[in-house]
$ cat upload-v6.cif   # mmCIF, C-alpha atoms
data_target
#
loop_
_atom_site.label_atom_id
_atom_site.label_comp_id
_atom_site.auth_asym_id
_atom_site.auth_seq_id
_atom_site.Cartn_x
_atom_site.Cartn_y
_atom_site.Cartn_z
CA MET A 1 127.40 -184.17 34.93
CA ILE A 2 128.55 -182.45 31.74
CA GLY A 3 130.26 -184.88 29.43
CA SER A 4 132.59 -186.88 31.66
CA HIS A 5 133.06 -184.15 34.29
CA ARG A 6 130.73 -183.60 37.19
CA ASN A 7 129.56 -180.07 37.87
CA PRO A 8 129.54 -179.54 41.67
CA HIS A 9 126.88 -176.84 41.31
CA ILE A 10 124.50 -179.32 39.68
CA ASP A 11 125.28 -181.98 42.29
CA LEU A 12 124.57 -179.41 45.00
CA LEU A 13 121.29 -178.34 43.41
CA ARG A 14 120.15 -181.93 43.02
CA GLY A 15 121.27 -182.70 46.55
CA ALA A 16 119.17 -179.87 47.94
CA ALA A 17 116.23 -181.02 45.80
CA ILE A 18 116.31 -184.65 46.95
CA ALA A 19 116.85 -183.51 50.55
CA SER A 20 113.63 -181.48 50.34
CA VAL A 21 111.76 -184.55 49.08
CA LEU A 22 113.14 -186.71 51.90
CA VAL A 23 112.16 -184.12 54.50
CA LEU A 24 108.66 -183.82 52.99
CA HIS A 25 107.95 -187.54 53.06
CA PHE A 26 109.33 -188.05 56.55
CA ALA A 27 107.35 -185.08 57.85
CA LEU A 28 104.16 -186.44 56.28
CA ALA A 29 104.77 -189.78 58.01
CA TYR A 30 105.98 -188.64 61.43
CA GLY A 31 106.01 -184.85 61.62
CA LEU A 32 109.04 -182.67 62.29
CA LYS A 33 107.83 -179.37 63.72
CA ASP A 34 107.20 -181.02 67.11
CA SER A 35 110.81 -182.13 67.42
CA PRO A 36 114.12 -180.59 68.49
CA LEU A 37 114.36 -179.14 64.97
CA GLY A 38 111.15 -177.21 65.61
CA SER A 39 112.52 -175.89 68.88
CA LEU A 40 115.82 -174.90 67.26
CA PHE A 41 114.56 -173.28 64.06
CA GLY A 42 110.95 -172.56 64.96
CA PRO A 43 107.86 -174.59 63.99
CA ALA A 44 106.90 -172.19 61.18
CA PHE A 45 110.28 -172.50 59.46
CA VAL A 46 110.43 -176.29 59.80
CA THR A 47 106.88 -176.57 58.46
CA ALA A 48 107.74 -174.38 55.46
CA VAL A 49 110.83 -176.45 54.66
CA ALA A 50 108.93 -179.72 54.99
CA ARG A 51 105.62 -179.05 53.29
CA ASN A 52 107.06 -177.48 50.11
CA GLY A 53 109.20 -180.46 49.13
CA ASN A 54 107.32 -180.86 45.86
CA TYR A 55 109.24 -177.82 44.67
CA GLY A 56 112.28 -180.09 44.87
CA VAL A 57 110.70 -182.26 42.17
CA THR A 58 110.30 -179.16 40.00
CA VAL A 59 114.03 -178.49 40.38
CA PHE A 60 114.72 -182.08 39.31
CA PHE A 61 112.69 -181.51 36.14
CA VAL A 62 114.75 -178.42 35.31
CA VAL A 63 118.04 -180.24 35.93
CA SER A 64 116.86 -183.20 33.87
CA GLY A 65 115.96 -181.01 30.89
CA PHE A 66 119.28 -179.19 31.20
CA LEU A 67 121.47 -182.28 31.53
CA ILE A 68 119.80 -184.36 28.86
CA THR A 69 119.90 -181.48 26.36
CA THR A 70 123.50 -180.55 27.26
CA ASN A 71 124.77 -184.12 26.98
CA SER A 72 122.89 -184.69 23.73
CA LEU A 73 124.48 -181.56 22.25
CA ALA A 74 127.90 -182.70 23.46
CA ARG A 75 127.45 -186.17 21.98
CA TRP A 76 125.75 -185.39 18.67
CA GLY A 77 126.52 -181.71 18.11
CA SER A 78 122.89 -180.84 17.44
CA LEU A 79 119.53 -182.07 18.71
CA SER A 80 118.51 -182.71 15.11
CA ARG A 81 121.27 -185.32 14.87
CA ILE A 82 120.26 -187.35 17.91
CA ASP A 83 120.58 -191.08 17.40
CA ALA A 84 117.19 -192.07 18.84
CA ARG A 85 118.11 -195.73 19.24
CA ALA A 86 121.32 -194.93 21.14
CA PHE A 87 119.50 -192.32 23.23
CA TYR A 88 116.72 -194.70 24.25
CA ALA A 89 119.20 -197.49 25.00
CA ALA A 90 121.25 -195.21 27.25
CA ARG A 91 118.14 -194.04 29.10
CA ALA A 92 116.87 -197.58 29.56
CA ARG A 93 120.22 -198.79 30.91
CA ARG A 94 120.27 -196.01 33.48
CA ILE A 95 116.60 -195.99 34.52
CA LEU A 96 115.39 -199.57 34.40
CA PRO A 97 117.78 -201.67 36.56
CA PRO A 98 117.23 -199.78 39.86
CA LEU A 99 113.58 -199.13 39.04
CA LEU A 100 112.84 -202.80 38.38
CA LEU A 101 114.55 -203.72 41.65
CA ALA A 102 112.46 -201.18 43.58
CA LEU A 103 109.25 -202.35 41.90
CA ALA A 104 110.07 -205.99 42.66
CA ILE A 105 110.47 -205.18 46.36
CA ILE A 106 107.24 -203.17 46.51
CA VAL A 107 105.14 -205.72 44.61
CA THR A 108 106.50 -208.69 46.59
CA LEU A 109 105.77 -207.07 49.94
CA GLY A 110 102.51 -205.61 48.70
CA CYS A 111 101.20 -208.96 47.50
CA ALA A 112 102.15 -210.37 50.90
CA GLY A 113 99.82 -207.80 52.45
CA VAL A 114 102.51 -205.75 54.21
CA PRO A 115 101.03 -202.34 55.12
CA TYR A 116 102.31 -199.32 53.15
CA PHE A 117 103.37 -201.64 50.33
CA ASP A 118 99.89 -202.87 49.42
CA ASN A 119 97.13 -200.93 47.70
CA SER A 120 95.28 -200.04 50.88
CA ASP A 121 95.62 -196.27 50.57
CA ALA A 122 92.60 -196.38 48.27
CA ASP A 123 89.12 -196.28 49.76
CA PRO A 124 88.05 -199.02 49.45
CA ALA A 125 91.39 -200.83 49.30
CA LEU A 126 92.36 -202.19 45.90
CA PRO A 127 93.28 -205.87 45.41
CA ALA A 128 96.77 -207.16 44.69
CA SER A 129 95.72 -207.64 41.06
CA PHE A 130 95.76 -203.85 40.73
CA PHE A 131 99.56 -204.07 40.74
CA VAL A 132 99.28 -205.09 37.07
CA PRO A 133 98.03 -201.70 35.80
CA ALA A 134 99.88 -199.85 38.59
CA VAL A 135 103.32 -201.22 37.74
CA GLY A 136 102.48 -201.14 34.05
CA SER A 137 101.69 -197.43 34.32
CA VAL A 138 105.05 -196.74 35.97
CA LEU A 139 106.87 -198.54 33.16
CA THR A 140 104.80 -196.99 30.36
CA PHE A 141 104.80 -193.36 31.48
CA TRP A 142 101.24 -192.77 32.72
CA HIS A 143 101.27 -193.44 36.47
CA ASN A 144 100.35 -189.80 37.10
CA VAL A 145 97.29 -190.25 34.89
CA LEU A 146 96.31 -193.41 36.76
CA MET A 147 96.51 -191.50 40.02
CA GLN A 148 94.22 -188.83 38.64
CA SER A 149 91.52 -191.47 38.19
CA ALA A 150 92.29 -193.82 41.11
CA GLY A 151 93.58 -191.26 43.61
CA TYR A 152 96.34 -192.09 46.08
CA PHE A 153 96.23 -195.88 46.29
CA ASN A 154 99.73 -197.17 47.07
CA TYR A 155 102.03 -195.44 49.55
CA CYS A 156 105.25 -196.49 47.80
CA LEU A 157 104.27 -196.61 44.14
CA ASN A 158 102.55 -193.23 44.07
CA VAL A 159 105.87 -191.51 44.77
CA TYR A 160 106.96 -192.62 41.29
CA TRP A 161 104.49 -190.34 39.51
CA SER A 162 107.30 -187.98 38.49
CA LEU A 163 109.04 -190.75 36.55
CA SER A 164 106.11 -190.76 34.14
CA VAL A 165 106.71 -187.08 33.40
CA GLU A 166 110.44 -187.59 32.87
CA GLU A 167 110.00 -190.77 30.82
CA LEU A 168 107.56 -189.07 28.47
CA PHE A 169 110.12 -186.29 28.01
CA TYR A 170 112.81 -188.87 27.20
CA LEU A 171 110.47 -190.56 24.75
CA ALA A 172 109.49 -187.31 23.04
CA LEU A 173 112.82 -185.45 22.83
CA PRO A 174 114.49 -187.42 20.01
CA LEU A 175 111.25 -187.70 18.04
CA VAL A 176 110.42 -184.01 18.33
CA ALA A 177 114.01 -182.94 17.62
CA LEU A 178 114.19 -185.13 14.51
CA LEU A 179 110.77 -183.92 13.35
CA LEU A 180 111.26 -180.18 13.87
CA ARG A 181 114.96 -180.14 12.94
CA ARG A 182 115.37 -176.39 13.50
CA THR A 183 116.56 -175.07 16.86
CA TRP A 184 114.25 -172.07 16.65
CA LEU A 185 111.25 -174.38 16.31
CA LEU A 186 112.36 -176.29 19.39
CA VAL A 187 112.67 -172.97 21.23
CA LEU A 188 109.15 -172.00 20.16
CA LEU A 189 107.85 -175.35 21.44
CA GLY A 190 109.65 -174.79 24.73
CA VAL A 191 108.11 -171.33 25.09
CA ALA A 192 104.67 -172.77 24.32
CA LEU A 193 105.09 -175.35 27.10
CA ILE A 194 106.20 -172.64 29.52
CA VAL A 195 103.04 -170.67 28.72
CA ALA A 196 100.85 -173.79 28.92
CA GLY A 197 102.06 -174.77 32.41
CA PRO A 198 100.46 -171.94 34.40
CA LEU A 199 97.32 -172.07 32.24
CA TYR A 200 96.89 -175.78 33.00
CA ARG A 201 97.57 -175.30 36.69
CA ALA A 202 95.10 -172.39 36.83
CA ALA A 203 92.42 -174.65 35.39
CA HIS A 204 93.13 -177.33 38.04
CA ALA A 205 94.28 -175.25 41.03
CA ASP A 206 91.85 -177.02 43.35
CA ASN A 207 93.25 -180.52 42.77
CA GLU A 208 96.89 -181.37 43.50
CA LEU A 209 96.68 -184.58 41.48
CA TYR A 210 96.45 -182.27 38.47
CA PHE A 211 98.26 -179.02 39.29
CA MET A 212 101.29 -180.89 40.66
CA TYR A 213 101.29 -184.21 38.79
CA GLY A 214 99.86 -183.52 35.32
CA TYR A 215 102.16 -183.58 32.30
CA LEU A 216 101.44 -179.98 31.36
CA ALA A 217 101.80 -178.97 35.01
CA CYS A 218 105.44 -180.13 34.87
CA PHE A 219 106.62 -179.68 31.28
CA ASP A 220 107.25 -175.95 31.76
CA ALA A 221 110.05 -176.83 34.21
CA ILE A 222 111.60 -179.33 31.79
CA ALA A 223 111.28 -176.82 28.94
CA LEU A 224 113.08 -174.16 30.99
CA GLY A 225 115.88 -176.65 31.62
CA CYS A 226 116.15 -177.43 27.91
CA LEU A 227 116.17 -173.75 26.93
CA ALA A 228 118.80 -173.04 29.58
CA ALA A 229 120.97 -175.76 28.04
CA LEU A 230 120.54 -174.34 24.53
CA LEU A 231 121.54 -170.90 25.83
CA ALA A 232 124.53 -172.27 27.76
CA HIS A 233 125.65 -174.17 24.64
CA ARG A 234 125.95 -170.85 22.80
CA LEU A 235 128.10 -169.30 25.52
CA HIS A 236 131.77 -169.77 24.73
CA ARG A 237 132.87 -168.11 27.97
CA PRO A 238 131.32 -167.61 31.39
CA LEU A 239 128.25 -165.39 31.41
CA PRO A 240 129.04 -161.74 32.28
CA HIS A 241 128.16 -160.96 35.90
CA ALA A 242 127.56 -164.68 36.44
CA ARG A 243 128.43 -164.62 40.14
CA PRO A 244 125.91 -161.92 41.22
CA LEU A 245 123.28 -163.48 38.96
CA ARG A 246 123.97 -166.85 40.59
CA TRP A 247 123.58 -165.42 44.08
CA LEU A 248 120.39 -163.59 43.05
CA ALA A 249 118.91 -166.77 41.55
CA GLY A 250 119.88 -168.77 44.65
CA ALA A 251 118.28 -166.22 46.95
CA ALA A 252 115.15 -166.19 44.79
CA LEU A 253 114.99 -169.99 44.85
CA ILE A 254 115.17 -170.10 48.65
CA SER A 255 112.67 -167.26 49.06
CA LEU A 256 110.17 -168.79 46.63
CA TYR A 257 110.53 -172.18 48.29
CA LEU A 258 109.83 -170.83 51.77
CA ARG A 259 106.93 -168.73 50.46
CA GLY A 260 105.32 -172.05 49.65
CA ILE A 261 103.02 -173.78 47.21
CA HIS A 262 99.70 -172.94 48.87
CA GLY A 263 98.28 -169.82 47.27
CA HIS A 264 100.86 -169.97 44.48
CA GLU A 265 99.70 -173.08 42.65
CA VAL A 266 99.61 -171.33 39.26
CA PHE A 267 102.95 -169.53 38.95
CA GLY A 268 104.95 -170.79 41.92
CA PHE A 269 106.33 -173.81 40.07
CA THR A 270 107.29 -171.70 37.05
CA TRP A 271 109.17 -169.17 39.20
CA ILE A 272 111.01 -171.96 41.02
CA ALA A 273 111.94 -173.51 37.67
CA LEU A 274 113.12 -170.17 36.28
CA ALA A 275 115.36 -169.54 39.29
CA ALA A 276 116.85 -173.04 38.95
CA ALA A 277 117.40 -172.51 35.21
CA VAL A 278 119.27 -169.25 35.84
CA LEU A 279 121.45 -171.05 38.38
CA LEU A 280 122.30 -173.71 35.81
CA VAL A 281 123.20 -171.21 33.09
CA THR A 282 125.38 -169.11 35.40
CA THR A 283 127.28 -172.16 36.66
CA HIS A 284 127.68 -173.93 33.32
CA ARG A 285 131.22 -172.74 32.63
CA ALA A 286 132.12 -171.75 36.17
CA SER A 287 135.65 -172.70 37.17
CA GLY A 288 137.78 -172.49 40.29
CA ALA A 289 136.77 -172.72 43.90
CA SER A 290 133.27 -171.67 44.84
CA MET A 291 130.73 -172.18 47.58
CA ALA A 292 129.49 -175.29 45.74
CA THR A 293 132.85 -177.00 46.30
CA ALA A 294 133.02 -176.21 50.03
CA ARG A 295 133.81 -179.22 52.19
CA MET A 296 130.86 -178.53 54.49
CA LEU A 297 128.51 -179.03 51.52
CA ALA A 298 130.02 -182.39 50.54
CA PRO A 299 127.05 -184.33 52.05
CA LEU A 300 124.61 -182.41 49.84
CA ARG A 301 126.75 -183.07 46.76
CA TRP A 302 126.81 -186.77 47.70
CA LEU A 303 123.01 -186.75 47.89
CA GLY A 304 122.96 -185.15 44.44
CA ARG A 305 125.18 -187.84 42.96
CA HIS A 306 122.88 -190.54 44.36
CA SER A 307 119.60 -188.67 43.88
CA TYR A 308 117.95 -191.19 41.53
CA GLU A 309 118.59 -194.15 43.80
CA LEU A 310 117.51 -192.12 46.83
CA TYR A 311 114.33 -191.15 45.03
CA LEU A 312 113.49 -194.79 44.27
CA PHE A 313 114.42 -196.41 47.58
CA HIS A 314 113.82 -193.85 50.33
CA VAL A 315 110.09 -194.54 50.27
CA ILE A 316 110.77 -198.26 50.75
CA VAL A 317 112.85 -197.46 53.83
CA LEU A 318 110.13 -195.14 55.12
CA ALA A 319 107.42 -197.77 54.55
CA LEU A 320 109.45 -200.32 56.52
CA LEU A 321 109.92 -197.82 59.35
CA ARG A 322 106.18 -197.14 59.43
CA ASN A 323 105.61 -200.85 59.92
CA LEU A 324 107.98 -200.79 62.89
CA PHE A 325 106.98 -197.48 64.49
CA SER A 326 103.62 -195.76 64.34
CA LYS A 327 103.40 -191.97 64.45
CA ALA A 328 101.69 -192.16 67.84
CA GLU A 329 104.66 -194.06 69.28
CA ILE A 330 107.22 -191.45 68.24
CA GLY A 331 107.36 -188.56 70.67
CA TYR A 332 109.17 -185.23 70.62
CA ALA A 333 112.60 -186.56 71.57
CA ALA A 334 112.47 -189.61 69.30
CA ARG A 335 111.59 -187.84 66.04
CA LEU A 336 115.05 -186.47 65.32
CA PRO A 337 116.89 -189.79 65.94
CA LEU A 338 114.31 -191.57 63.76
CA PHE A 339 114.81 -188.95 61.04
CA ALA A 340 118.57 -189.53 61.23
CA LEU A 341 117.99 -193.29 61.00
CA PHE A 342 115.76 -192.79 57.96
CA LEU A 343 118.38 -190.65 56.21
CA ALA A 344 121.22 -193.05 57.02
CA ALA A 345 119.30 -196.16 55.92
CA SER A 346 118.14 -194.49 52.71
CA ALA A 347 121.65 -193.31 51.90
CA LEU A 348 123.15 -196.73 52.61
CA LEU A 349 120.59 -198.48 50.44
CA ALA A 350 121.00 -195.96 47.62
CA TRP A 351 124.78 -196.32 47.75
CA GLY A 352 124.54 -200.11 47.76
CA VAL A 353 122.23 -200.23 44.76
CA ARG A 354 124.38 -197.76 42.81
CA TRP A 355 127.56 -199.67 43.66
CA LEU A 356 126.13 -203.01 42.58
CA LEU A 357 124.78 -201.62 39.33
CA ALA A 358 128.02 -199.73 38.64
CA ARG A 359 129.88 -203.02 38.91
CA ARG A 360 127.51 -204.50 36.36
CA ILE A 361 128.02 -201.52 34.03
CA ARG A 362 131.80 -201.82 34.30
CA SER A 363 131.58 -205.53 33.56
CA THR A 364 129.56 -204.90 30.39
CA GLY A 365 131.48 -201.77 29.37
CA ARG A 366 128.25 -199.79 28.98
CA SER A 367 126.93 -196.63 30.57
CA GLY A 368 124.11 -194.22 30.05
CA LEU A 369 123.58 -190.53 30.18
CA PRO A 370 123.09 -189.13 33.70
CA GLY A 371 120.02 -190.61 35.34
CA PRO A 372 116.84 -188.82 36.24
CA ALA A 373 116.49 -186.91 39.39
#

$ encode --input "upload-v6.cif" --output "structure tokens"
Amino acid sequence: MIGSHRNPHIDLLRGAAIASVLVLHFALAYGLKDSPLGSLFGPAFVTAVARNGNYGVTVFFVVSGFLITTNSLARWGSLSRIDARAFYAARARRILPPLLLALAIIVTLGCAGVPYFDNSDADPALPASFFVPAVGSVLTFWHNVLMQSAGYFNYCLNVYWSLSVEELFYLALPLVALLLRRTWLLVLLGVALIVAGPLYRAAHADNELYFMYGYLACFDAIALGCLAALLAHRLHRPLPHARPLRWLAGAALISLYLRGIHGHEVFGFTWIALAAAVLLVTTHRASGASMATARMLAPLRWLGRHSYELYLFHVIVLALLRNLFSKAEIGYAARLPLFALFLAASALLAWGVRWLLARRIRSTGRSGLPGPA
């Protein structure tokens, strides 16, 4: 969303990103290549689509950097004039209500000992008291760091690692902008983060808890989104040759995604982020009908509009399903219907949460900047 107008290209990009995350998590739980989808598209293609879903998180980071910077420029004219108090209040109003609801569900069921909600992913299993630092780390921006020391310990909570990256960005942006003041210094910082990302990932390429979840492993994507927004802000008319550039960036994004993460841990995330950033710049002032507004892509745009709620609640739906149906019980023919059920239940829950919270926002007359991916 730019100002008060939604950009269908951004909704489509976020929709594709959250769809990749949903496919990844379902495939990890139940598998998809041995299903009618595997027979239709081929096991290799379905595997590539499913296992590289973490690239979707990288796209979210780019979109987040772009949207937050763009909306801050629209509201305050310059990053150096950000009202930190208003910025933090808007972020908190958007992030916290659905997050606190999701955490309450997970902790309640986890303390009751319900599998996939408790802390039994750790070896040995961690007690219910570990929810104190676990939930605290989600709310204070260091859940990814906790995972680097504790490993994967909670099926639901560990999905929220990316919030810690985004929340630290939200915390830092006003402070850094007010401290540096000059746009060129902010650009230099962004370039430094882009350089640091591959260096950090190269140093930790043998451990996904670091090369995928570390702050420096992700800040290059956010920095590319911010720099894309600064560039787009300077464009007073659509970028020359925007359409072919957009198609080239889209093709690169798909190609890089299917090429995969394995073997490309160092630069793969940066290339994905760069392709997404080019897409955002070339669509910033796009007008008129385009592929992004096609009716057949409306479901993806809907997913993009509800991406934050889907991100928070899809794992709760999946954990409930795993309590009802084990992987061994789900055969070839049943996987696709179960996948459809998972998508429908996640979408319904995300819509319900967003609708309820929107009613609350309308009743208080308050709103925030667009929520995180």

$ atom_distance --input "upload-v6.cif" --atom1 "atom CA of A:Val353" --atom2 "atom CA of A:Pro98"
7.0 Å

$ closest_residue --input "upload-v6.cif" --among "A:Tyr55, A:Tyr30, A:Trp247, A:Phe169" --to "A:Pro337" --atoms "only C-alpha atoms"
A:Tyr30

$ resolve_selection --input "upload-v6.cif" --expression "the PyMOL selection byres ((chain A and resi 181-187) around 9)" --output "MDAnalysis selection string"
chainID A and resid 78:81 176:180 188:192 223 226:227 230

$ closest_atom_pairs --input "upload-v6.cif" --of "stretch 231-315 of chain A" --to "stretch 10-23 of chain A" --cutoff "7 Å" --atoms "all atoms listed in the file" --output "CSV"
residue,atom,partner,partner_atom,distance
A:Ala292,CA,A:Leu12,CA,6.5
A:Leu300,CA,A:Gly15,CA,4.7
A:Arg301,CA,A:Leu12,CA,4.6
A:Trp302,CA,A:Gly15,CA,7.0
A:Leu303,CA,A:Gly15,CA,4.6
A:Gly304,CA,A:Gly15,CA,3.6
A:Arg305,CA,A:Asp11,CA,5.9
A:Ser307,CA,A:Ile18,CA,6.0

$ resolve_selection --input "upload-v6.cif" --expression "the PyMOL selection byres ((chain A and resi 118-135) around 8)" --output "list in words"
Leu103, Ile106, Val107, Leu109, Gly110, Cys111, Ala112, Gly113, Val114, Pro115, Tyr116, Phe117, Gly136, Ser137, Val138, Leu139, His143, Leu146, Ala150, Gly151, Tyr152, Phe153, Asn154, Tyr155 and Leu157 of chain A

$ resolve_selection --input "upload-v6.cif" --expression "the PyMOL selection byres ((chain A and resi 239) around 9)" --output "VMD selection string"
chain A and resid 232 235 to 238 240 to 243 281 to 286

$ residues_around --input "upload-v6.cif" --residues "stretch 258-263 of chain A" --least-positions-apart "5" --cutoff "12 Å" --atoms "only C-alpha atoms" --output "PyMOL selection string"
chain A and resi 20+44-56+58+201-202+205-208+211-212+251-253+268-272

$ atom_distance --input "upload-v6.cif" --atom1 "atom CA of A:Arg246" --atom2 "atom CA of A:Leu274"
12.1 Å

$ closest_residue --input "upload-v6.cif" --among "A:Leu40, A:Ala273, A:Leu245, A:Leu324" --to "A:Tyr257" --atoms "all atoms listed in the file"
A:Ala273

$ closest_residue --input "upload-v6.cif" --among "A:Ser39, A:Asn158, A:Ser346, A:Gln148" --to "A:Tyr215" --atoms "only C-alpha atoms"
A:Gln148

$ atom_distance --input "upload-v6.cif" --atom1 "atom CA of A:Pro198" --atom2 "atom CA of A:His264"
10.3 Å

$ decode --input "upload-v6.cif" --residues "stretch 149-157 of chain A" --atoms "all heavy atoms" --output "short mmCIF file (atom, residue, chain, number, x, y, z; two decimals), in the first residue's frame"
data_model
loop_
_atom_site.label_atom_id
_atom_site.label_comp_id
_atom_site.auth_asym_id
_atom_site.auth_seq_id
_atom_site.Cartn_x
_atom_site.Cartn_y
_atom_site.Cartn_z
N SER A 149 20.85 -20.62 19.79
CA SER A 149 21.42 -21.28 20.96
C SER A 149 20.62 -22.51 21.38
O SER A 149 21.18 -23.52 21.79
CB SER A 149 21.51 -20.30 22.14
OG SER A 149 20.22 -19.84 22.51
N ALA A 150 19.29 -22.45 21.24
CA ALA A 150 18.43 -23.55 21.68
C ALA A 150 18.06 -24.50 20.56
O ALA A 150 17.56 -25.60 20.81
CB ALA A 150 17.16 -22.99 22.32
N GLY A 151 18.27 -24.10 19.30
CA GLY A 151 17.85 -24.91 18.17
C GLY A 151 16.35 -24.79 17.94
O GLY A 151 15.67 -23.94 18.52
N TYR A 152 15.83 -25.66 17.08
CA TYR A 152 14.38 -25.70 16.87
C TYR A 152 13.75 -26.35 18.10
O TYR A 152 14.04 -27.50 18.41
CB TYR A 152 14.05 -26.52 15.63
CG TYR A 152 14.51 -25.89 14.33
CD1 TYR A 152 15.65 -26.36 13.68
CD2 TYR A 152 13.83 -24.83 13.76
CE1 TYR A 152 16.09 -25.80 12.49
CE2 TYR A 152 14.24 -24.26 12.57
CZ TYR A 152 15.38 -24.76 11.94
OH TYR A 152 15.80 -24.20 10.76
N PHE A 153 12.89 -25.62 18.79
CA PHE A 153 12.34 -26.16 20.04
C PHE A 153 10.82 -26.11 20.10
O PHE A 153 10.21 -26.82 20.87
CB PHE A 153 12.92 -25.43 21.25
CG PHE A 153 12.59 -23.96 21.32
CD1 PHE A 153 11.43 -23.52 21.93
CD2 PHE A 153 13.46 -23.02 20.78
CE1 PHE A 153 11.11 -22.17 21.99
CE2 PHE A 153 13.16 -21.67 20.83
CZ PHE A 153 11.99 -21.23 21.43
N ASN A 154 10.18 -25.25 19.29
CA ASN A 154 8.73 -25.15 19.32
C ASN A 154 8.22 -25.00 17.90
O ASN A 154 8.55 -24.03 17.21
CB ASN A 154 8.28 -23.96 20.17
CG ASN A 154 6.77 -23.88 20.33
OD1 ASN A 154 6.04 -23.59 19.39
ND2 ASN A 154 6.29 -24.15 21.54
N TYR A 155 7.42 -25.97 17.47
CA TYR A 155 6.97 -26.03 16.08
C TYR A 155 6.30 -24.73 15.63
O TYR A 155 6.56 -24.23 14.53
CB TYR A 155 6.00 -27.21 15.90
CG TYR A 155 5.44 -27.34 14.51
CD1 TYR A 155 6.23 -27.82 13.48
CD2 TYR A 155 4.13 -26.97 14.23
CE1 TYR A 155 5.72 -27.94 12.19
CE2 TYR A 155 3.61 -27.09 12.95
CZ TYR A 155 4.41 -27.57 11.93
OH TYR A 155 3.91 -27.69 10.66
N CYS A 156 5.44 -24.17 16.45
CA CYS A 156 4.71 -22.96 16.09
C CYS A 156 5.55 -21.70 16.27
O CYS A 156 5.69 -20.89 15.35
CB CYS A 156 3.43 -22.84 16.91
SG CYS A 156 2.13 -24.02 16.46
N LEU A 157 6.11 -21.54 17.46
CA LEU A 157 6.82 -20.30 17.77
C LEU A 157 8.01 -20.05 16.85
O LEU A 157 8.30 -18.90 16.49
CB LEU A 157 7.30 -20.31 19.22
CG LEU A 157 6.30 -19.98 20.32
CD1 LEU A 157 7.00 -19.96 21.67
CD2 LEU A 157 5.62 -18.65 20.06
#
